[in-house]
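*Asks:* Dropping in data.cif, with mmCIF, C-alpha atoms.
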```
data_run
loop_
_atom_site.label_atom_id
_atom_site.label_comp_id
_atom_site.auth_asym_id
_atom_site.auth_seq_id
_atom_site.Cartn_x
_atom_site.Cartn_y
_atom_site.Cartn_z
CA MET A 1 -18.17 9.76 -14.85
CA LEU A 2 -18.25 11.15 -11.31
CA ARG A 3 -16.94 7.88 -9.89
CA LEU A 4 -14.00 7.92 -12.29
CA VAL A 5 -13.10 11.49 -11.32
CA ILE A 6 -13.35 10.61 -7.62
CA ALA A 7 -11.24 7.47 -8.09
CA GLY A 8 -8.59 9.25 -10.15
CA LEU A 9 -8.40 12.11 -7.65
CA SER A 10 -8.17 9.62 -4.76
CA GLY A 11 -5.25 7.84 -6.46
CA LEU A 12 -3.53 11.15 -7.15
CA VAL A 13 -3.84 12.43 -3.57
CA PHE A 14 -2.86 8.99 -2.24
CA GLY A 15 0.27 9.09 -4.41
CA LEU A 16 1.15 12.65 -3.34
CA GLY A 17 0.80 11.50 0.27
CA LEU A 18 3.15 8.58 -0.33
CA ILE A 19 5.74 10.92 -1.85
CA ALA A 20 5.40 13.63 0.83
CA SER A 21 5.58 11.07 3.65
CA GLY A 22 8.76 9.34 2.50
CA MET A 23 6.96 6.01 1.93
CA SER A 24 7.96 6.08 -1.75
CA ASN A 25 11.65 5.95 -0.73
CA PRO A 26 12.59 2.31 0.01
CA ALA A 27 15.70 3.45 1.91
CA LYS A 28 13.48 5.36 4.36
CA VAL A 29 11.12 2.39 4.73
CA LYS A 30 14.04 0.11 5.58
CA GLY A 31 15.30 2.73 8.04
CA PHE A 32 11.95 2.38 9.80
CA LEU A 33 12.13 -1.43 9.76
CA ASP A 34 15.68 -1.41 11.16
CA LEU A 35 14.89 -1.40 14.88
CA ALA A 36 18.37 -2.60 15.86
CA GLY A 37 20.23 -0.02 13.79
CA ALA A 38 19.80 3.74 13.56
CA TRP A 39 16.00 3.69 13.75
CA ASP A 40 14.00 6.27 11.80
CA PRO A 41 10.53 6.41 13.44
CA SER A 42 9.02 8.75 10.79
CA LEU A 43 6.80 6.14 9.17
CA ALA A 44 4.91 5.47 12.39
CA LEU A 45 3.62 9.04 12.01
CA VAL A 46 2.54 8.34 8.42
CA MET A 47 0.38 5.48 9.65
CA GLY A 48 -0.83 7.57 12.60
CA GLY A 49 -1.83 10.50 10.38
CA ALA A 50 -3.58 8.29 7.85
CA ILE A 51 -5.49 6.35 10.50
CA ALA A 52 -6.54 9.54 12.33
CA VAL A 53 -8.39 10.64 9.18
CA GLY A 54 -9.41 7.06 8.34
CA VAL A 55 -11.20 6.51 11.66
CA LEU A 56 -13.42 9.55 11.00
CA ALA A 57 -14.04 8.48 7.39
CA PHE A 58 -15.08 4.94 8.30
CA ALA A 59 -17.26 6.16 11.16
CA ALA A 60 -19.08 8.40 8.66
CA GLY A 61 -19.07 5.72 5.95
CA LYS A 62 -20.70 3.09 8.14
CA ARG A 63 -23.73 5.33 8.62
CA ARG A 64 -24.30 5.78 4.90
CA ALA A 65 -26.03 3.41 2.49
CA ARG A 66 -24.67 5.05 -0.63
CA ALA A 67 -21.58 7.00 -1.60
CA TRP A 68 -21.60 10.47 -3.20
CA SER A 69 -21.35 8.88 -6.64
CA GLY A 70 -24.47 6.81 -5.95
CA GLU A 71 -22.50 3.56 -5.59
CA ARG A 72 -23.47 1.22 -2.76
CA MET A 73 -21.11 1.40 0.25
CA GLU A 74 -18.98 -1.74 0.29
CA ILE A 75 -17.11 -1.96 3.56
CA PRO A 76 -15.53 -5.43 4.05
CA SER A 77 -17.38 -7.66 6.46
CA ILE A 78 -15.01 -10.65 6.52
CA ARG A 79 -13.87 -11.43 10.04
CA VAL A 80 -12.16 -14.81 9.53
CA ILE A 81 -8.61 -15.13 10.84
CA ASP A 82 -6.93 -18.06 9.09
CA TRP A 83 -3.51 -19.31 7.93
CA ARG A 84 -3.78 -17.38 4.67
CA LEU A 85 -4.13 -14.08 6.51
CA ILE A 86 -1.06 -14.83 8.63
CA LEU A 87 1.16 -16.60 6.07
CA GLY A 88 0.27 -13.94 3.49
CA GLY A 89 1.27 -11.22 5.94
CA LEU A 90 4.56 -12.97 6.71
CA LEU A 91 5.48 -13.44 3.03
CA PHE A 92 4.55 -9.84 2.27
CA GLY A 93 6.61 -8.62 5.24
CA ILE A 94 9.69 -10.56 4.10
CA GLY A 95 9.46 -9.05 0.61
CA TRP A 96 8.83 -5.59 2.10
CA GLY A 97 11.89 -5.96 4.32
CA ILE A 98 14.11 -7.05 1.42
CA ALA A 99 13.17 -4.31 -1.05
CA GLY A 100 11.52 -1.58 1.04
CA PHE A 101 8.59 -1.44 -1.40
CA CYS A 102 4.96 -2.21 -0.66
CA PRO A 103 2.39 -2.11 -3.51
CA GLY A 104 1.32 1.58 -3.45
CA PRO A 105 4.79 3.13 -3.27
CA ALA A 106 6.04 0.67 -5.91
CA LEU A 107 3.40 2.02 -8.33
CA VAL A 108 4.35 5.63 -7.52
CA ALA A 109 8.02 4.73 -8.11
CA LEU A 110 7.03 3.13 -11.41
CA GLY A 111 5.25 6.34 -12.39
CA SER A 112 8.36 8.36 -11.58
CA GLY A 113 10.41 6.06 -13.82
CA MET A 114 12.60 4.58 -11.10
CA ASP A 115 14.62 1.62 -12.46
CA ALA A 116 14.05 -0.59 -9.42
CA ALA A 117 10.28 -0.33 -9.86
CA LEU A 118 10.57 -1.59 -13.43
CA ILE A 119 11.76 -4.87 -11.92
CA PHE A 120 9.74 -4.90 -8.72
CA VAL A 121 6.26 -4.12 -10.11
CA PRO A 122 6.18 -6.83 -12.83
CA ALA A 123 7.46 -9.34 -10.26
CA MET A 124 4.73 -8.23 -7.85
CA LEU A 125 2.03 -8.66 -10.52
CA ALA A 126 3.49 -12.11 -11.30
CA GLY A 127 3.31 -12.99 -7.59
CA MET A 128 -0.38 -12.01 -7.50
CA LEU A 129 -1.10 -14.11 -10.59
CA LEU A 130 0.87 -17.03 -9.20
CA HIS A 131 -1.30 -16.94 -6.13
CA ASP A 132 -4.55 -16.82 -8.09
CA GLN A 133 -3.46 -19.64 -10.40
CA PHE A 134 -1.84 -22.06 -7.98
CA VAL A 135 -2.77 -21.27 -4.41
CA ALA A 136 -6.38 -20.18 -4.30
CA ARG A 137 -8.91 -17.75 -5.57
CA PRO A 138 -9.25 -14.93 -3.04
CA ARG A 139 -12.68 -14.39 -1.61
CA MET B 1 18.22 0.86 19.52
CA THR B 2 19.36 4.34 18.63
CA ILE B 3 17.04 6.85 17.03
CA ALA B 4 18.24 8.41 13.78
CA TRP B 5 17.26 11.99 14.65
CA ASN B 6 19.01 13.24 11.51
CA LEU B 7 16.58 11.24 9.34
CA PHE B 8 13.49 11.73 11.51
CA ALA B 9 11.06 13.92 9.57
CA PRO B 10 7.91 14.14 11.70
CA TRP B 11 6.10 16.95 9.85
CA SER B 12 6.45 15.62 6.31
CA ALA B 13 5.54 12.14 7.60
CA LEU B 14 2.44 13.46 9.33
CA LEU B 15 1.42 15.62 6.35
CA GLY B 16 1.89 12.67 3.98
CA GLY B 17 -0.10 10.45 6.32
CA LEU B 18 -2.94 12.98 6.44
CA LEU B 19 -3.01 13.10 2.62
CA ILE B 20 -3.15 9.29 2.46
CA GLY B 21 -6.00 9.39 4.98
CA LEU B 22 -7.78 12.09 2.96
CA ALA B 23 -7.49 10.01 -0.23
CA THR B 24 -8.83 6.98 1.64
CA ALA B 25 -11.76 9.07 2.93
CA LEU B 26 -12.52 10.43 -0.55
CA TYR B 27 -12.51 6.96 -2.13
CA LEU B 28 -14.68 5.55 0.65
CA LEU B 29 -17.27 8.32 0.96
CA GLY B 30 -17.16 9.22 -2.74
CA ASN B 31 -17.15 5.75 -4.29
CA GLY B 32 -18.09 3.48 -1.42
CA ARG B 33 -14.92 1.42 -1.72
CA VAL B 34 -11.95 0.61 0.48
CA ALA B 35 -8.69 2.07 -0.87
CA GLY B 36 -6.64 -1.12 -0.73
CA ILE B 37 -3.92 -1.10 -3.36
CA THR B 38 -3.67 -4.89 -3.56
CA GLY B 39 -7.29 -5.27 -4.61
CA ILE B 40 -7.18 -2.18 -6.81
CA VAL B 41 -4.28 -3.72 -8.77
CA ALA B 42 -5.27 -7.38 -8.74
CA SER B 43 -8.94 -6.98 -9.62
CA PRO B 44 -8.53 -5.38 -13.08
CA MET B 45 -5.62 -7.71 -13.84
CA ARG B 46 -7.81 -10.71 -13.15
CA ALA B 47 -10.70 -9.30 -15.15
CA LEU B 48 -8.35 -8.72 -18.07
CA LEU B 49 -6.97 -12.26 -18.00
CA SER B 50 -10.36 -13.92 -17.61
CA ARG B 51 -11.77 -11.69 -20.38
CA ALA B 52 -14.43 -10.40 -18.01
CA SER B 53 -15.95 -6.97 -18.54
CA MET B 54 -13.56 -4.11 -17.77
CA VAL B 55 -16.40 -1.65 -17.10
CA PRO B 56 -16.61 -2.41 -13.35
CA GLU B 57 -12.82 -2.06 -13.20
CA GLN B 58 -12.74 1.49 -14.55
CA PRO B 59 -12.64 3.27 -11.17
CA ARG B 60 -9.76 1.05 -10.05
CA LEU B 61 -7.88 1.80 -13.28
CA ALA B 62 -8.49 5.52 -12.68
CA PHE B 63 -7.10 5.17 -9.15
CA ILE B 64 -3.97 3.45 -10.54
CA ALA B 65 -3.59 6.20 -13.14
CA GLY B 66 -3.73 8.74 -10.30
CA LEU B 67 -0.98 6.91 -8.41
CA LEU B 68 1.22 6.75 -11.52
CA LEU B 69 0.65 10.45 -12.30
CA ALA B 70 1.31 11.69 -8.75
CA PRO B 71 5.10 12.01 -9.26
CA TRP B 72 4.48 13.96 -12.49
CA LEU B 73 2.19 16.44 -10.72
CA TRP B 74 4.75 16.72 -7.89
CA ARG B 75 7.54 17.49 -10.36
CA LEU B 76 5.60 20.47 -11.74
CA PHE B 77 6.13 22.22 -8.41
CA ALA B 78 9.20 20.70 -6.77
CA PRO B 79 11.88 18.10 -7.43
CA LEU B 80 10.92 14.62 -6.22
CA PRO B 81 12.51 13.65 -2.91
CA ALA B 82 15.40 11.20 -3.25
CA ALA B 83 14.50 7.52 -3.45
CA ALA B 84 16.96 4.64 -3.33
CA VAL B 85 17.03 0.87 -3.07
CA ASP B 86 19.95 -1.01 -1.55
CA VAL B 87 19.47 -4.43 -3.17
CA GLY B 88 20.22 -5.79 -6.63
CA PRO B 89 17.83 -6.78 -9.43
CA LEU B 90 17.53 -10.43 -8.39
CA ALA B 91 16.58 -9.54 -4.81
CA LEU B 92 14.12 -6.95 -6.13
CA ALA B 93 12.45 -9.55 -8.33
CA GLY B 94 12.28 -12.06 -5.47
CA ALA B 95 10.90 -9.41 -3.12
CA GLY B 96 8.31 -8.39 -5.70
CA LEU B 97 7.14 -12.00 -6.05
CA LEU B 98 6.82 -12.35 -2.27
CA VAL B 99 4.93 -9.06 -1.93
CA GLY B 100 2.51 -10.00 -4.72
CA LEU B 101 1.97 -13.51 -3.40
CA GLY B 102 1.61 -12.48 0.23
CA THR B 103 -0.67 -9.50 -0.28
CA ARG B 104 -2.96 -11.54 -2.52
CA MET B 105 -3.02 -14.46 -0.08
CA ALA B 106 -4.01 -12.19 2.80
CA ASN B 107 -6.19 -10.03 0.54
CA GLY B 108 -4.56 -6.76 1.53
CA CYS B 109 -1.41 -4.79 2.26
CA THR B 110 -0.29 -1.64 4.07
CA SER B 111 -3.27 0.30 2.71
CA GLY B 112 -6.15 -2.21 2.79
CA HIS B 113 -5.30 -3.93 6.07
CA GLY B 114 -3.00 -1.22 7.47
CA VAL B 115 -4.76 2.10 6.93
CA CYS B 116 -8.33 0.98 6.19
CA GLY B 117 -8.46 -2.12 8.39
CA LEU B 118 -7.04 -0.42 11.47
CA SER B 119 -9.24 2.64 10.86
CA ARG B 120 -12.34 0.46 11.17
CA PHE B 121 -10.89 -1.51 14.12
CA SER B 122 -10.87 -4.85 12.28
CA PRO B 123 -9.22 -7.61 14.36
CA ARG B 124 -8.55 -9.52 11.13
CA SER B 125 -6.56 -6.61 9.73
CA LEU B 126 -4.68 -6.12 13.00
CA VAL B 127 -3.50 -9.75 12.83
CA ASN B 128 -2.26 -9.23 9.26
CA VAL B 129 -0.53 -5.95 10.14
CA LEU B 130 1.27 -7.59 13.08
CA ALA B 131 2.38 -10.43 10.75
CA PHE B 132 3.80 -8.20 8.02
CA MET B 133 5.35 -5.67 10.42
CA GLY B 134 6.93 -8.47 12.42
CA ALA B 135 8.27 -10.15 9.28
CA GLY B 136 9.54 -6.80 7.98
CA PHE B 137 11.41 -6.03 11.22
CA ALA B 138 12.84 -9.57 11.33
CA THR B 139 13.93 -9.52 7.68
CA VAL B 140 15.79 -6.22 7.97
CA TYR B 141 17.40 -7.45 11.20
CA LEU B 142 18.61 -10.64 9.49
CA LEU B 143 19.90 -8.80 6.43
CA ARG B 144 21.62 -5.91 8.21
CA HIS B 145 22.81 -7.35 11.49
CA LEU B 146 23.31 -11.08 10.95
CA GLY B 147 24.13 -11.14 7.24
#
```
Could you write out this file's structure as structure tokens?
*Replies:*
Amino acid sequence: MLRLVIAGLSGLVFGLGLIASGMSNPAKVKGFLDLAGAWDPSLALVMGGAIAVGVLAFAAGKRRARAWSGERMEIPSIRVIDWRLILGGLLFGIGWGIAGFCPGPALVALGSGMDAALIFVPAMLAGMLLHDQFVARPR
Amino acid sequence: MTIAWNLFAPWSALLGGLLIGLATALYLLGNGRVAGITGIVASPMRALLSRASMVPEQPRLAFIAGLLLAPWLWRLFAPLPAAAVDVGPLALAGAGLLVGLGTRMANGCTSGHGVCGLSRFSPRSLVNVLAFMGAGFATVYLLRHLG
């Protein structure tokens, strides 16, 4: 039960952060990606703020064997850099640049009932399935 | 390049970023997992389709429920900030496909590789972040300035 409460609370706070930061507004995301236009640097600070806390969390997490809920700590150990990592990043970036949505904000937008998310999220899930069915099973 | 000072919102961006970091910390130290939205979404979907047990997926489903409920909690206290897209339904669908395909192929997105990967100084994640940021900058440049 504890792990469900922690997970639900994590998702909730994550979502509130996306809304507060402006990440859940595709127009603002595209303003950040538009280096040659009127550039809005705000989102660099979102990443900076999140990573500042993240660095401390992972430093603490690496020293623990178990989480508060009793679960084993599972910090990824994959180090391989291959074509899938790069091509996947490029495809994701193209889609991100077109719509201004990445997965987390798209789910928040879906929760808020935004029309665009009703199209984007099912397409995103279809893209994930397409990959698993026809490209490869992720590790 | 000109900076859009009228749109620049450093404090709300920083506050939002800190909340995202806090949520990441809670999920990591509380549940021992990396808060990567791609995996959190794809894993239960795959379990569902392969008729595997949904019990191990419950925390991920709870995380998704939290994300979906966040705008509802927000609305109890303040109106949601404006959100807008500037492309039509077909482009949205195509973009969604690319985002789903690409994040699954690279096993991560802005949260898993971006926030978590960079926070633990993973070279693998840095390569992915450079790829999607570069492609994002290039795509918006093509659409807005060469289109």
*Asks:* I'd like to know which of A:Gly93, A:Gly111, A:Gly22, A:Gly100 is closest to Leu101 in chain B, using only C-alpha atoms.
*Replies:*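 Closest to Leu101 in chain B, using only C-alpha atoms: A:Gly93.
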*Asks:* Which polymer residues have any atom within 8 Å of an atom of Leu9 in chain A, counting only C-alpha atoms, with same-chain residues fewer than 2 positions away left out, as a list in words?
*Replies:*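 Everything that qualifies: Val5, Ile6, Ala7, Gly11, Leu12 and Val13 of chain A; Ala23, Phe63 and Gly66 of chain B.
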*Asks:* Just give me the residues with any atom within 12 Å of (1.5, -13.0, -9.0), file coordinates, counting all atoms listed in the file, written as a PyMOL selection string.
*Replies:* (chain A and resi 120-137) or (chain B and resi 38+41-42+45-46+93-105)
*Asks:* Starting from the shown file, work through the PyMOL selection byres ((chain A and resi 69) around 7) and note down what comes out as an MDAnalysis selection string.
*Replies:* (chainID A and resid 2:3 67:68 70:71) or (chainID B and resid 30:31)
*Asks:* Please determine, counting all atoms listed in the file, which residue among B:Ala65, B:Tyr27, B:Gly36, B:Ala78 has the shortest atom-to-atom distance to Ala20 in chain A.
*Replies:*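 Closest residue, counting all atoms listed in the file: B:Ala78.
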*Asks:* Could you jot down the CA of Leu18 in chain B to CA of Ala50 in chain A separation for me, Å, one decimal place?
*Replies:* 4.9 Å
*Asks:* Excluding Leu4 in chain A and residues on its chain fewer than 4 positions from it, collect all residues at most 7 Å away from it, counting only C-alpha atoms, and give them as a PyMOL selection string.
*Replies:* (chain A and resi 8) or (chain B and resi 58-59+62)
*Asks:* Counting all atoms listed in the file, what is within 7 Å of Gly17 in chain B, bar same-chain residues fewer than 5 positions away, as a ChimeraX atom specification?
*Replies:* /A:17,21,45-50
*Asks:* Write out as a PyMOL selection string which residues come within 9 Å of range 82-84 of chain A when counting only C-alpha atoms, dropping same-chain ones fewer than 2 positions away.
*Replies:* (chain A and resi 80+86-89) or (chain B and resi 102+105-107+124)
*Asks:* Where does the PyMOL selection byres ((chain A and resi 108) around 8) land in this file, that is, which residues does it pick, as a ChimeraX atom specification?
*Replies:* /A:15,18-19,24,104-107,109-112 /B:67-71
*Asks:* Name the residues captured by the PyMOL selection byres ((chain B and resi 130-141) around 10) when it is applied to the shown file; answer as a ChimeraX atom specification.
*Replies:* /A:29-37,85-100 /B:102-103,109-110,114,125-129,142-147
*Asks:* Pick out the closest residue to Ala47 in chain B from this set: B:Leu19, B:Val87, B:Leu61, B:Val34. Count only C-alpha atoms.
*Replies:*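 Smallest distance to Ala47 in chain B is found for B:Leu61.
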*Asks:* Please produce range 88-117 of chain A, completed to N, CA and C atoms, as a CSV table (one decimal), keeping the file's coordinate frame.
*Replies:*
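Written file, result_36.csv:
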```csv
chain,number,residue,atom,x,y,z
A,88,GLY,N,0.2,-15.0,4.5
A,88,GLY,CA,0.3,-13.9,3.5
A,88,GLY,C,1.0,-12.7,4.1
A,89,GLY,N,0.6,-12.4,5.3
A,89,GLY,CA,1.3,-11.2,5.9
A,89,GLY,C,2.8,-11.4,6.1
A,90,LEU,N,3.1,-12.7,6.5
A,90,LEU,CA,4.6,-13.0,6.7
A,90,LEU,C,5.3,-12.9,5.4
A,91,LEU,N,4.8,-13.5,4.3
A,91,LEU,CA,5.5,-13.4,3.0
A,91,LEU,C,5.6,-12.0,2.5
A,92,PHE,N,4.5,-11.2,2.7
A,92,PHE,CA,4.6,-9.8,2.3
A,92,PHE,C,5.6,-9.1,3.1
A,93,GLY,N,5.7,-9.3,4.4
A,93,GLY,CA,6.6,-8.6,5.2
A,93,GLY,C,8.1,-8.9,4.9
A,94,ILE,N,8.3,-10.2,4.5
A,94,ILE,CA,9.7,-10.6,4.1
A,94,ILE,C,10.1,-9.8,2.8
A,95,GLY,N,9.2,-9.8,1.8
A,95,GLY,CA,9.5,-9.0,0.6
A,95,GLY,C,9.6,-7.6,0.9
A,96,TRP,N,8.8,-7.0,1.7
A,96,TRP,CA,8.8,-5.6,2.1
A,96,TRP,C,10.2,-5.3,2.8
A,97,GLY,N,10.6,-6.2,3.6
A,97,GLY,CA,11.9,-6.0,4.3
A,97,GLY,C,13.1,-6.1,3.4
A,98,ILE,N,13.0,-6.9,2.4
A,98,ILE,CA,14.1,-7.0,1.4
A,98,ILE,C,14.2,-5.8,0.6
A,99,ALA,N,13.1,-5.4,-0.1
A,99,ALA,CA,13.2,-4.3,-1.0
A,99,ALA,C,12.9,-2.9,-0.5
A,100,GLY,N,12.0,-2.9,0.5
A,100,GLY,CA,11.5,-1.6,1.0
A,100,GLY,C,10.3,-1.0,0.3
A,101,PHE,N,9.8,-1.8,-0.6
A,101,PHE,CA,8.6,-1.4,-1.4
A,101,PHE,C,7.4,-2.2,-0.9
A,102,CYS,N,6.2,-1.5,-0.7
A,102,CYS,CA,5.0,-2.2,-0.7
A,102,CYS,C,4.2,-1.8,-1.9
A,103,PRO,N,3.0,-2.3,-2.2
A,103,PRO,CA,2.4,-2.1,-3.5
A,103,PRO,C,2.2,-0.7,-3.9
A,104,GLY,N,1.6,0.2,-3.0
A,104,GLY,CA,1.3,1.6,-3.4
A,104,GLY,C,2.6,2.4,-3.8
A,105,PRO,N,3.6,2.4,-2.9
A,105,PRO,CA,4.8,3.1,-3.3
A,105,PRO,C,5.5,2.6,-4.5
A,106,ALA,N,5.4,1.3,-4.7
A,106,ALA,CA,6.0,0.7,-5.9
A,106,ALA,C,5.4,1.2,-7.2
A,107,LEU,N,4.1,1.4,-7.2
A,107,LEU,CA,3.4,2.0,-8.3
A,107,LEU,C,3.8,3.5,-8.5
A,108,VAL,N,3.9,4.2,-7.4
A,108,VAL,CA,4.4,5.6,-7.5
A,108,VAL,C,5.8,5.7,-8.1
A,109,ALA,N,6.6,4.8,-7.6
A,109,ALA,CA,8.0,4.7,-8.1
A,109,ALA,C,8.0,4.4,-9.6
A,110,LEU,N,7.1,3.5,-10.0
A,110,LEU,CA,7.0,3.1,-11.4
A,110,LEU,C,6.6,4.4,-12.2
A,111,GLY,N,5.7,5.1,-11.7
A,111,GLY,CA,5.2,6.3,-12.4
A,111,GLY,C,6.4,7.3,-12.5
A,112,SER,N,7.3,7.4,-11.5
A,112,SER,CA,8.4,8.4,-11.6
A,112,SER,C,9.5,7.9,-12.5
A,113,GLY,N,9.4,6.6,-12.9
A,113,GLY,CA,10.4,6.1,-13.8
A,113,GLY,C,11.6,5.5,-13.1
A,114,MET,N,11.5,5.2,-11.9
A,114,MET,CA,12.6,4.6,-11.1
A,114,MET,C,12.9,3.2,-11.6
A,115,ASP,N,14.2,2.9,-11.9
A,115,ASP,CA,14.6,1.6,-12.5
A,115,ASP,C,14.1,0.4,-11.6
A,116,ALA,N,14.4,0.5,-10.3
A,116,ALA,CA,14.0,-0.6,-9.4
A,116,ALA,C,12.6,-1.0,-9.5
A,117,ALA,N,11.7,0.0,-9.8
A,117,ALA,CA,10.3,-0.3,-9.9
A,117,ALA,C,10.0,-1.1,-11.1
```
